[in-house]
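Asks: One structure follows; several queries about it will come next.
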Amino acid sequence: MFINNSLSFIFFLNNFSFSKPAGPDENVIADDEEEIIEKENYPVDKVVIESEDGYLLTLHRIPNSDGPPVFLKHGILSSTLDWLKSGKNRSLPYFLWDRGFDVWMGNARGNAYSRSHKTLPTDDQRFWDFDLHEMGYYDDAAFIEYISKTRSSKVFYVGYSLGTLTFSIMASERPEVAKKVKAMVALAPAIYMGNIDHRLVHLIARYQKEIQALAQLFKIHELFGHSRVFDYIGNYMCRLHLIGDHVCSQIFYFILGYSPEQLDKSRLPIIFTKYPSGMSFKSFYHILQLVSLNGLQKFDYGLVENMNIYNSSTPPKYNISRINIPTAVFLSKTDPLSTEQDALRFYDELPEKLGLHYIDRTFNHLDFIIGKDISEVINTKIVEIFS
């Protein structure tokens with residue numbers, strides 16, 4: 001009964017498509033990312049590039065043509081917008097630009113800013129027929145190639161959570177592209193996920209076959225596009241007098257981990273608004289496979305299809321030791337979604353190490369990009385690494 005109710009709730013949330021809340025509010029995040037950056041008095045550019053397999057991907061840029069280029073990639077169900085939710089004084093993109101960097105932020109295929117294809121409409125199930133492999137092999141490669149060519153320079157890379165996974169897939173499979181990256185910083189890396197300390201994640205992973213069956217039954221190909229549920233939570237529930245910030249902070253802690261010292265409750269409406277940003281169901285299912293596997297491999301289609309696609313009964317594994325990019329890893333012992341054990345496993349397999357950086361205070365998974373202390377414990381150190 002519990003799992004049936006849980007699965008029903010997941011699909012209930014998924015079926016609430018994006019809708020703007022009624023009425024203006026100065027603290028509601030604007031739809032247009034360029035508008036958000038301009039309001040903070042920074043320059044902004046946007047470019048749409050095409051991946052090798054036809055997806056049209058949006059790059060946002062805070063330009064500084066005299067500075068070294070740095071590329072930022074978001075986490076699961078996110079967009080470039082999530083890098084900016086801490087505001088001018090803490091957000092990493094602004095911090096880097098203020099110190100002379102040319103800042104680029106990419107959006108993975110299928111999210112709110114990269115929902116187009118050269119030939120396929122989004123209501124065609126073939127549009128959503130991609131997993132983590134394509135998000136790294138094609139998307140991240142396209143971003144790096146474009147930035148490197150535009151700037152005639154190698155690129156610094158910062159990945160957060162799932163962004164580190166897709167980039168690692170690209171770097172291990174496409175060394176000719178990876179050589180254009182000067183150094184990598186992995187924030188709360190989600191490369192290995194077998195030791196995630198979250199009961200709900202493991203519960204969902206345990207019933208992944210049932211979830212897949214429901215998705216096939218209801219013809220669900222996109223998962224968690226912009227949701228009226230979370231927009232309502234951000235724009236209305238989080239603002240309720242006396243109880244709003246308590247309710248929203250408890251939801252926040254349940255999903256991401258308990259770290260009250262790092263949560264700026266005044267930002268809760270912004271944190272919840274315009275999240276999640278969507279992904280393909282197949283990518284989500286790939287994640288569940290990796291959680292259960294406690295390893296890193298291509299999508300598992302089952303015995304018969306694996307033989308047809310891979311000429312092997314099991315999917316090929318990705319080889320982290322092939323990532324020839326100097327890499328620094330930031331981790332927290334209190335992050336339930338990127339645990340110390342999983343992060344250390346990734347770091348140990350890297351051939352070129354730039355340092356292991358423990359956060360010396362309580363950090364949950366999202367605190368790596370929105371925590372009160374990120375300027376001191378993360379942003380400053382990233383600048384030092386890249387300098």
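Every chain in the structure tokens has a letter given in the order shown (A, B, ...), and although residue numbers restart at 1 in each chain, ligands are simply numbered from 1 in the order shown.
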Write out as a PyMOL selection string the residues lying within 8 Å of Gly234 (chain A), counting only C-alpha atoms and excluding same-chain residues fewer than 4 positions away.
Replies: chain A and resi 230+238-239+268-273
Asks: Please write the residues from the selection above to a file, keeping N, CA, C and O atoms, as an mmCIF file, in the first residue's frame.
Replies:
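Below is the file that was written, selection_10.cif:
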data_model
loop_
_atom_site.group_PDB
_atom_site.id
_atom_site.type_symbol
_atom_site.label_atom_id
_atom_site.label_comp_id
_atom_site.auth_asym_id
_atom_site.auth_seq_id
_atom_site.Cartn_x
_atom_site.Cartn_y
_atom_site.Cartn_z
ATOM 1 N N PHE A 230 5.358 23.073 -7.081
ATOM 2 C CA PHE A 230 6.509 23.722 -6.458
ATOM 3 C C PHE A 230 6.457 25.239 -6.619
ATOM 4 O O PHE A 230 6.920 25.976 -5.752
ATOM 5 N N CYS A 238 5.447 29.266 1.167
ATOM 6 C CA CYS A 238 6.652 29.706 1.872
ATOM 7 C C CYS A 238 6.519 31.120 2.429
ATOM 8 O O CYS A 238 7.322 31.543 3.260
ATOM 9 N N ARG A 239 5.511 31.870 1.967
ATOM 10 C CA ARG A 239 5.329 33.243 2.401
ATOM 11 C C ARG A 239 4.269 33.398 3.501
ATOM 12 O O ARG A 239 4.017 34.507 3.959
ATOM 13 N N LEU A 268 13.819 30.979 0.562
ATOM 14 C CA LEU A 268 13.015 29.779 0.304
ATOM 15 C C LEU A 268 12.027 29.948 -0.852
ATOM 16 O O LEU A 268 11.905 29.047 -1.691
ATOM 17 N N PRO A 269 11.310 31.070 -0.944
ATOM 18 C CA PRO A 269 10.406 31.212 -2.098
ATOM 19 C C PRO A 269 11.142 31.123 -3.426
ATOM 20 O O PRO A 269 10.626 30.549 -4.394
ATOM 21 N N ILE A 270 12.336 31.675 -3.480
ATOM 22 C CA ILE A 270 13.122 31.640 -4.710
ATOM 23 C C ILE A 270 13.660 30.244 -4.981
ATOM 24 O O ILE A 270 13.691 29.773 -6.118
ATOM 25 N N ILE A 271 14.084 29.549 -3.932
ATOM 26 C CA ILE A 271 14.631 28.200 -4.088
ATOM 27 C C ILE A 271 13.582 27.258 -4.675
ATOM 28 O O ILE A 271 13.872 26.456 -5.576
ATOM 29 N N PHE A 272 12.345 27.363 -4.195
ATOM 30 C CA PHE A 272 11.297 26.445 -4.661
ATOM 31 C C PHE A 272 10.744 26.829 -6.033
ATOM 32 O O PHE A 272 10.270 25.972 -6.776
ATOM 33 N N THR A 273 10.799 28.121 -6.362
ATOM 34 C CA THR A 273 10.196 28.574 -7.612
ATOM 35 C C THR A 273 11.046 28.152 -8.809
ATOM 36 O O THR A 273 12.263 28.202 -8.775
#
Asks: Kindly assemble as a Markdown table a list of the region 19-108 of chain A residues that lie within 12 Å of region 280-286 of chain A, each paired with its nearest atom pair and their distance in Å to one decimal, using only C-alpha atoms, sorted first by chain and then by ascending residue number.
Replies:
| residue | atom | partner | partner_atom | distance |
| --- | --- | --- | --- | --- |
| A:Ile76 | CA | A:Phe284 | CA | 8.9 |
| A:Leu77 | CA | A:Phe284 | CA | 9.3 |
| A:Ala108 | CA | A:Ser280 | CA | 10.5 |
Asks: Taking the DSSP assignment computed from this structure's backbone, write out as an NGL selection string all residues of region 110-203 of chain A that belong to helix (DSSP H, G or I).
Replies: :A and (125-128 or 132-151 or 162-173 or 175-178 or 199-203)
Asks: Write out as an mmCIF file with N, CA, C and O atoms, in the first residue's frame which residues come within 10 Å of region 48-61 of chain A when counting only C-alpha atoms, dropping same-chain ones fewer than 2 positions away.
Replies:
data_model
loop_
_atom_site.group_PDB
_atom_site.id
_atom_site.type_symbol
_atom_site.label_atom_id
_atom_site.label_comp_id
_atom_site.auth_asym_id
_atom_site.auth_seq_id
_atom_site.Cartn_x
_atom_site.Cartn_y
_atom_site.Cartn_z
ATOM 1 N N GLU A 33 16.049 34.223 -17.766
ATOM 2 C CA GLU A 33 17.285 34.243 -16.991
ATOM 3 C C GLU A 33 18.111 35.487 -17.265
ATOM 4 O O GLU A 33 18.781 36.021 -16.371
ATOM 5 N N GLU A 34 18.072 35.966 -18.502
ATOM 6 C CA GLU A 34 18.806 37.178 -18.819
ATOM 7 C C GLU A 34 18.301 38.354 -17.974
ATOM 8 O O GLU A 34 19.086 39.190 -17.522
ATOM 9 N N ILE A 37 19.792 38.198 -14.431
ATOM 10 C CA ILE A 37 21.184 38.639 -14.376
ATOM 11 C C ILE A 37 21.279 40.150 -14.563
ATOM 12 O O ILE A 37 22.041 40.834 -13.862
ATOM 13 N N PRO A 43 26.399 42.074 -17.100
ATOM 14 C CA PRO A 43 26.141 41.861 -18.526
ATOM 15 C C PRO A 43 25.691 40.424 -18.749
ATOM 16 O O PRO A 43 26.007 39.529 -17.944
ATOM 17 N N VAL A 44 24.950 40.185 -19.813
ATOM 18 C CA VAL A 44 24.465 38.827 -20.059
ATOM 19 C C VAL A 44 24.301 38.596 -21.555
ATOM 20 O O VAL A 44 23.896 39.496 -22.302
ATOM 21 N N ASP A 45 24.636 37.389 -21.981
ATOM 22 C CA ASP A 45 24.416 36.937 -23.348
ATOM 23 C C ASP A 45 23.744 35.570 -23.303
ATOM 24 O O ASP A 45 23.836 34.849 -22.296
ATOM 25 N N LYS A 46 23.084 35.232 -24.389
ATOM 26 C CA LYS A 46 22.506 33.893 -24.534
ATOM 27 C C LYS A 46 22.775 33.409 -25.950
ATOM 28 O O LYS A 46 22.663 34.178 -26.909
ATOM 29 N N PRO A 63 29.478 37.709 -19.708
ATOM 30 C CA PRO A 63 30.698 37.807 -20.513
ATOM 31 C C PRO A 63 31.787 38.690 -19.921
ATOM 32 O O PRO A 63 31.524 39.743 -19.337
ATOM 33 N N ASN A 64 33.006 38.212 -20.081
ATOM 34 C CA ASN A 64 34.216 38.978 -19.788
ATOM 35 C C ASN A 64 35.276 38.456 -20.749
ATOM 36 O O ASN A 64 36.002 37.513 -20.432
ATOM 37 N N PRO A 69 37.803 31.561 -19.557
ATOM 38 C CA PRO A 69 36.449 31.014 -19.584
ATOM 39 C C PRO A 69 36.261 29.891 -18.569
ATOM 40 O O PRO A 69 37.122 29.023 -18.397
ATOM 41 N N VAL A 70 35.119 29.915 -17.893
ATOM 42 C CA VAL A 70 34.748 28.849 -16.963
ATOM 43 C C VAL A 70 33.317 28.436 -17.274
ATOM 44 O O VAL A 70 32.439 29.275 -17.467
ATOM 45 N N PHE A 71 33.104 27.125 -17.350
ATOM 46 C CA PHE A 71 31.801 26.569 -17.700
ATOM 47 C C PHE A 71 31.195 25.884 -16.493
ATOM 48 O O PHE A 71 31.835 25.048 -15.843
ATOM 49 N N LEU A 72 29.941 26.236 -16.154
ATOM 50 C CA LEU A 72 29.230 25.673 -15.011
ATOM 51 C C LEU A 72 28.088 24.798 -15.496
ATOM 52 O O LEU A 72 27.325 25.189 -16.380
ATOM 53 N N SER A 79 18.415 23.784 -13.822
ATOM 54 C CA SER A 79 18.777 24.593 -14.975
ATOM 55 C C SER A 79 19.847 25.576 -14.524
ATOM 56 O O SER A 79 20.230 25.604 -13.343
ATOM 57 N N THR A 80 20.311 26.408 -15.442
ATOM 58 C CA THR A 80 21.308 27.408 -15.053
ATOM 59 C C THR A 80 20.742 28.374 -14.010
ATOM 60 O O THR A 80 21.492 28.985 -13.253
ATOM 61 N N LEU A 81 19.439 28.495 -13.953
ATOM 62 C CA LEU A 81 18.799 29.385 -12.988
ATOM 63 C C LEU A 81 19.199 29.051 -11.555
ATOM 64 O O LEU A 81 19.350 29.951 -10.711
ATOM 65 N N PRO A 93 28.354 32.123 -10.085
ATOM 66 C CA PRO A 93 28.600 32.829 -11.354
ATOM 67 C C PRO A 93 28.971 34.302 -11.157
ATOM 68 O O PRO A 93 29.905 34.803 -11.801
ATOM 69 N N ASP A 102 35.274 34.756 -17.322
ATOM 70 C CA ASP A 102 34.240 34.777 -18.358
ATOM 71 C C ASP A 102 33.332 33.577 -18.083
ATOM 72 O O ASP A 102 33.737 32.428 -18.283
ATOM 73 N N VAL A 103 32.118 33.811 -17.602
ATOM 74 C CA VAL A 103 31.274 32.760 -17.029
ATOM 75 C C VAL A 103 30.233 32.268 -18.028
ATOM 76 O O VAL A 103 29.436 33.056 -18.559
ATOM 77 N N TRP A 104 30.231 30.950 -18.253
ATOM 78 C CA TRP A 104 29.262 30.300 -19.132
ATOM 79 C C TRP A 104 28.493 29.258 -18.328
ATOM 80 O O TRP A 104 29.077 28.540 -17.506
ATOM 81 N N MET A 105 27.185 29.137 -18.581
ATOM 82 C CA MET A 105 26.346 28.167 -17.866
ATOM 83 C C MET A 105 25.489 27.411 -18.886
ATOM 84 O O MET A 105 24.775 28.029 -19.687
ATOM 85 N N GLY A 106 25.554 26.087 -18.847
ATOM 86 C CA GLY A 106 24.846 25.284 -19.834
ATOM 87 C C GLY A 106 23.597 24.628 -19.291
ATOM 88 O O GLY A 106 23.496 24.344 -18.089
ATOM 89 N N ASN A 107 22.642 24.375 -20.179
ATOM 90 C CA ASN A 107 21.393 23.707 -19.825
ATOM 91 C C ASN A 107 21.307 22.361 -20.537
ATOM 92 O O ASN A 107 21.419 22.291 -21.767
ATOM 93 N N ALA A 108 21.097 21.306 -19.771
ATOM 94 C CA ALA A 108 20.994 19.964 -20.340
ATOM 95 C C ALA A 108 19.738 19.831 -21.186
ATOM 96 O O ALA A 108 18.720 20.492 -20.937
ATOM 97 N N ARG A 109 19.796 18.972 -22.189
ATOM 98 C CA ARG A 109 18.628 18.698 -23.029
ATOM 99 C C ARG A 109 17.429 18.293 -22.185
ATOM 100 O O ARG A 109 17.549 17.564 -21.197
ATOM 101 N N GLY A 110 16.270 18.805 -22.572
ATOM 102 C CA GLY A 110 15.035 18.433 -21.897
ATOM 103 C C GLY A 110 14.631 19.340 -20.753
ATOM 104 O O GLY A 110 13.503 19.240 -20.270
ATOM 105 N N ASN A 111 15.544 20.231 -20.293
ATOM 106 C CA ASN A 111 15.109 21.119 -19.220
ATOM 107 C C ASN A 111 14.412 22.345 -19.812
ATOM 108 O O ASN A 111 14.234 22.446 -21.027
ATOM 109 N N ALA A 112 14.005 23.267 -18.965
ATOM 110 C CA ALA A 112 13.149 24.372 -19.403
ATOM 111 C C ALA A 112 13.790 25.252 -20.466
ATOM 112 O O ALA A 112 13.080 25.898 -21.245
ATOM 113 N N TYR A 113 15.122 25.292 -20.520
ATOM 114 C CA TYR A 113 15.807 26.166 -21.462
ATOM 115 C C TYR A 113 16.370 25.419 -22.668
ATOM 116 O O TYR A 113 16.938 26.050 -23.563
ATOM 117 N N SER A 114 16.274 24.123 -22.689
ATOM 118 C CA SER A 114 16.801 23.329 -23.811
ATOM 119 C C SER A 114 15.763 22.299 -24.257
ATOM 120 O O SER A 114 16.028 21.103 -24.318
ATOM 121 N N ARG A 115 14.574 22.801 -24.564
ATOM 122 C CA ARG A 115 13.448 21.936 -24.941
ATOM 123 C C ARG A 115 13.155 22.012 -26.441
ATOM 124 O O ARG A 115 12.006 22.111 -26.854
ATOM 125 N N SER A 116 14.194 21.942 -27.256
ATOM 126 C CA SER A 116 13.994 22.004 -28.698
ATOM 127 C C SER A 116 14.953 21.048 -29.401
ATOM 128 O O SER A 116 16.008 20.709 -28.868
ATOM 129 N N HIS A 117 14.549 20.682 -30.601
ATOM 130 C CA HIS A 117 15.355 19.788 -31.440
ATOM 131 C C HIS A 117 15.231 20.267 -32.875
ATOM 132 O O HIS A 117 14.231 20.893 -33.261
ATOM 133 N N LYS A 118 16.233 19.983 -33.657
ATOM 134 C CA LYS A 118 16.246 20.431 -35.048
ATOM 135 C C LYS A 118 15.054 19.901 -35.833
ATOM 136 O O LYS A 118 14.488 20.608 -36.688
ATOM 137 N N THR A 119 14.614 18.667 -35.535
ATOM 138 C CA THR A 119 13.512 18.068 -36.295
ATOM 139 C C THR A 119 12.395 17.498 -35.439
ATOM 140 O O THR A 119 11.273 17.339 -35.927
ATOM 141 N N LEU A 120 12.661 17.196 -34.174
ATOM 142 C CA LEU A 120 11.676 16.511 -33.338
ATOM 143 C C LEU A 120 10.932 17.485 -32.424
ATOM 144 O O LEU A 120 11.561 18.233 -31.676
ATOM 145 N N PHE A 127 11.898 12.502 -28.974
ATOM 146 C CA PHE A 127 12.615 13.624 -28.381
ATOM 147 C C PHE A 127 13.167 13.254 -27.009
ATOM 148 O O PHE A 127 14.260 13.680 -26.621
ATOM 149 N N GLU A 134 23.810 10.378 -23.408
ATOM 150 C CA GLU A 134 23.654 11.439 -24.399
ATOM 151 C C GLU A 134 23.833 12.824 -23.774
ATOM 152 O O GLU A 134 24.374 13.736 -24.406
ATOM 153 N N MET A 135 23.389 12.985 -22.532
ATOM 154 C CA MET A 135 23.530 14.271 -21.854
ATOM 155 C C MET A 135 24.994 14.647 -21.665
ATOM 156 O O MET A 135 25.342 15.838 -21.653
ATOM 157 N N TYR A 137 27.813 12.754 -23.455
ATOM 158 C CA TYR A 137 28.559 12.513 -24.697
ATOM 159 C C TYR A 137 28.301 13.591 -25.740
ATOM 160 O O TYR A 137 29.223 14.021 -26.440
ATOM 161 N N TYR A 138 27.055 14.048 -25.846
ATOM 162 C CA TYR A 138 26.712 15.052 -26.850
ATOM 163 C C TYR A 138 26.615 16.466 -26.271
ATOM 164 O O TYR A 138 27.206 17.409 -26.804
ATOM 165 N N ASP A 139 25.834 16.621 -25.186
ATOM 166 C CA ASP A 139 25.576 17.973 -24.670
ATOM 167 C C ASP A 139 26.846 18.622 -24.123
ATOM 168 O O ASP A 139 27.221 19.726 -24.525
ATOM 169 N N ASP A 140 27.499 17.950 -23.173
ATOM 170 C CA ASP A 140 28.673 18.562 -22.559
ATOM 171 C C ASP A 140 29.797 18.746 -23.572
ATOM 172 O O ASP A 140 30.542 19.730 -23.521
ATOM 173 N N ALA A 141 29.905 17.823 -24.516
ATOM 174 C CA ALA A 141 30.903 17.976 -25.576
ATOM 175 C C ALA A 141 30.603 19.212 -26.423
ATOM 176 O O ALA A 141 31.512 19.988 -26.761
ATOM 177 N N ALA A 142 29.323 19.412 -26.753
ATOM 178 C CA ALA A 142 28.947 20.575 -27.558
ATOM 179 C C ALA A 142 29.260 21.874 -26.829
ATOM 180 O O ALA A 142 29.755 22.843 -27.435
ATOM 181 N N PHE A 143 28.974 21.928 -25.527
ATOM 182 C CA PHE A 143 29.254 23.120 -24.747
ATOM 183 C C PHE A 143 30.750 23.436 -24.730
ATOM 184 O O PHE A 143 31.166 24.574 -24.979
ATOM 185 N N TYR A 146 32.095 24.532 -28.160
ATOM 186 C CA TYR A 146 31.664 25.881 -28.542
ATOM 187 C C TYR A 146 32.442 26.945 -27.763
ATOM 188 O O TYR A 146 32.925 27.928 -28.347
ATOM 189 N N ILE A 147 32.529 26.783 -26.450
ATOM 190 C CA ILE A 147 33.218 27.780 -25.622
ATOM 191 C C ILE A 147 34.698 27.843 -25.990
ATOM 192 O O ILE A 147 35.278 28.932 -26.143
#
Asks: Which of region 44-159 of chain A end up as strand (DSSP E) when DSSP is run on this backbone - answer as a count of residues only?
Replies: 31
Asks: For CA of Leu92 (chain A) and CA of Leu223 (chain A), quote the distance in Å rounded to one decimal.
Replies: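 Computing the Euclidean distance for CA of Leu92 (chain A) and CA of Leu223 (chain A) yields 27.5 Å.
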Asks: When distances are computed from only C-alpha atoms, which of A:Ser78, A:Gln289, A:Ser321, A:Ser172 shows the smallest separation from Lys274 (chain A)?
Replies: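 Looking only at the distances to Lys274 (chain A), the closest residue turns out to be A:Ser78.
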Asks: For Trp83 (chain A), which residue among A:Tyr253, A:Tyr192, A:Phe368, A:Phe218 is the nearest when counting only C-alpha atoms?
Replies: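 With only C-alpha atoms as the atom set, the closest residue is A:Phe368.
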Asks: Please provide as a list in words all residues within 10 Å of Asn319 (chain A), with the sequence filter that same-chain residues fewer than 2 positions apart are discarded (counting only C-alpha atoms).
Replies: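 My reading of the contact set: Ser168, Ile169, Ala171, Ser172, Glu173, Leu296, Gln297, Pro316, Lys317, Ser321, Arg322, Ile323, Glu349 and Leu350 of chain A.
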Asks: May I ask which of the residues A:Arg174, A:Arg267, A:Lys353, A:Arg228 is the closest one to Asp82 (chain A), counting only C-alpha atoms?
Replies: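 Answer, going by the shortest atom-to-atom distance: A:Arg267.
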Asks: With a distance cut-off of 8 Å and only C-alpha atoms, select the neighbouring residues of Met184 (chain A), excluding the residue or stretch itself and same-chain residues fewer than 3 positions from it, and output the selection as a list of chain:residue names.
Replies: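 Here the qualifying residues turn out to be A:Phe156, A:Tyr157, A:Val158, A:Gly159, A:Val181, A:Ile325, A:Pro326, A:Thr327, A:Ala328.
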Asks: For the interface of region 138-194 of chain A with region 339-342 of chain A (cut-off 10 Å, counting only C-alpha atoms), please tabulate each contacting residue of region 138-194 of chain A alongside its nearest pair of atoms and their separation in Å to one decimal, rows sorted by chain and increasing number, as CSV.
Replies:
residue,atom,partner,partner_atom,distance
A:Ala188,CA,A:Thr339,CA,8.1
A:Pro189,CA,A:Asp342,CA,8.3
A:Ala190,CA,A:Asp342,CA,7.9
A:Ile191,CA,A:Asp342,CA,7.5
A:Tyr192,CA,A:Asp342,CA,5.3
A:Met193,CA,A:Asp342,CA,6.3
A:Gly194,CA,A:Asp342,CA,7.3
Asks: Please indicate the distance in Å from CA of Glu145 (chain A) to CA of Lys298 (chain A), rounded to one decimal place.
Replies: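 Taking CA of Glu145 (chain A) as the start and CA of Lys298 (chain A) as the end point, the length is 23.1 Å.
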Asks: Need the shell around region 354-366 of chain A: protein/DNA/RNA residues with any atom at most 6 Å away, counting only C-alpha atoms. Skip same-chain ones fewer than 6 positions apart. Format as a list of chain:residue names?
Replies: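 Near region 354-366 of chain A, the qualifying residues are A:Leu256, A:Gly257, A:Ser259, A:Pro326, A:Thr327, A:Ala328, A:Val329, A:Phe330, A:Leu331, A:Ser332, A:Thr334, A:Asp335.
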Asks: What is the CA of Asp131 (chain A)-CA of Gln212 (chain A) distance in Å, reported with one decimal?
Replies: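 Taking CA of Asp131 (chain A) and CA of Gln212 (chain A), their separation equals 13.9 Å.
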Asks: Using only C-alpha atoms, which residue out of A:Leu240, A:Ala186, A:Val291, A:Ile374 lies closest to Ile204 (chain A)?
Replies: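 For Ile204 (chain A), the nearest of the given residues is A:Val291.
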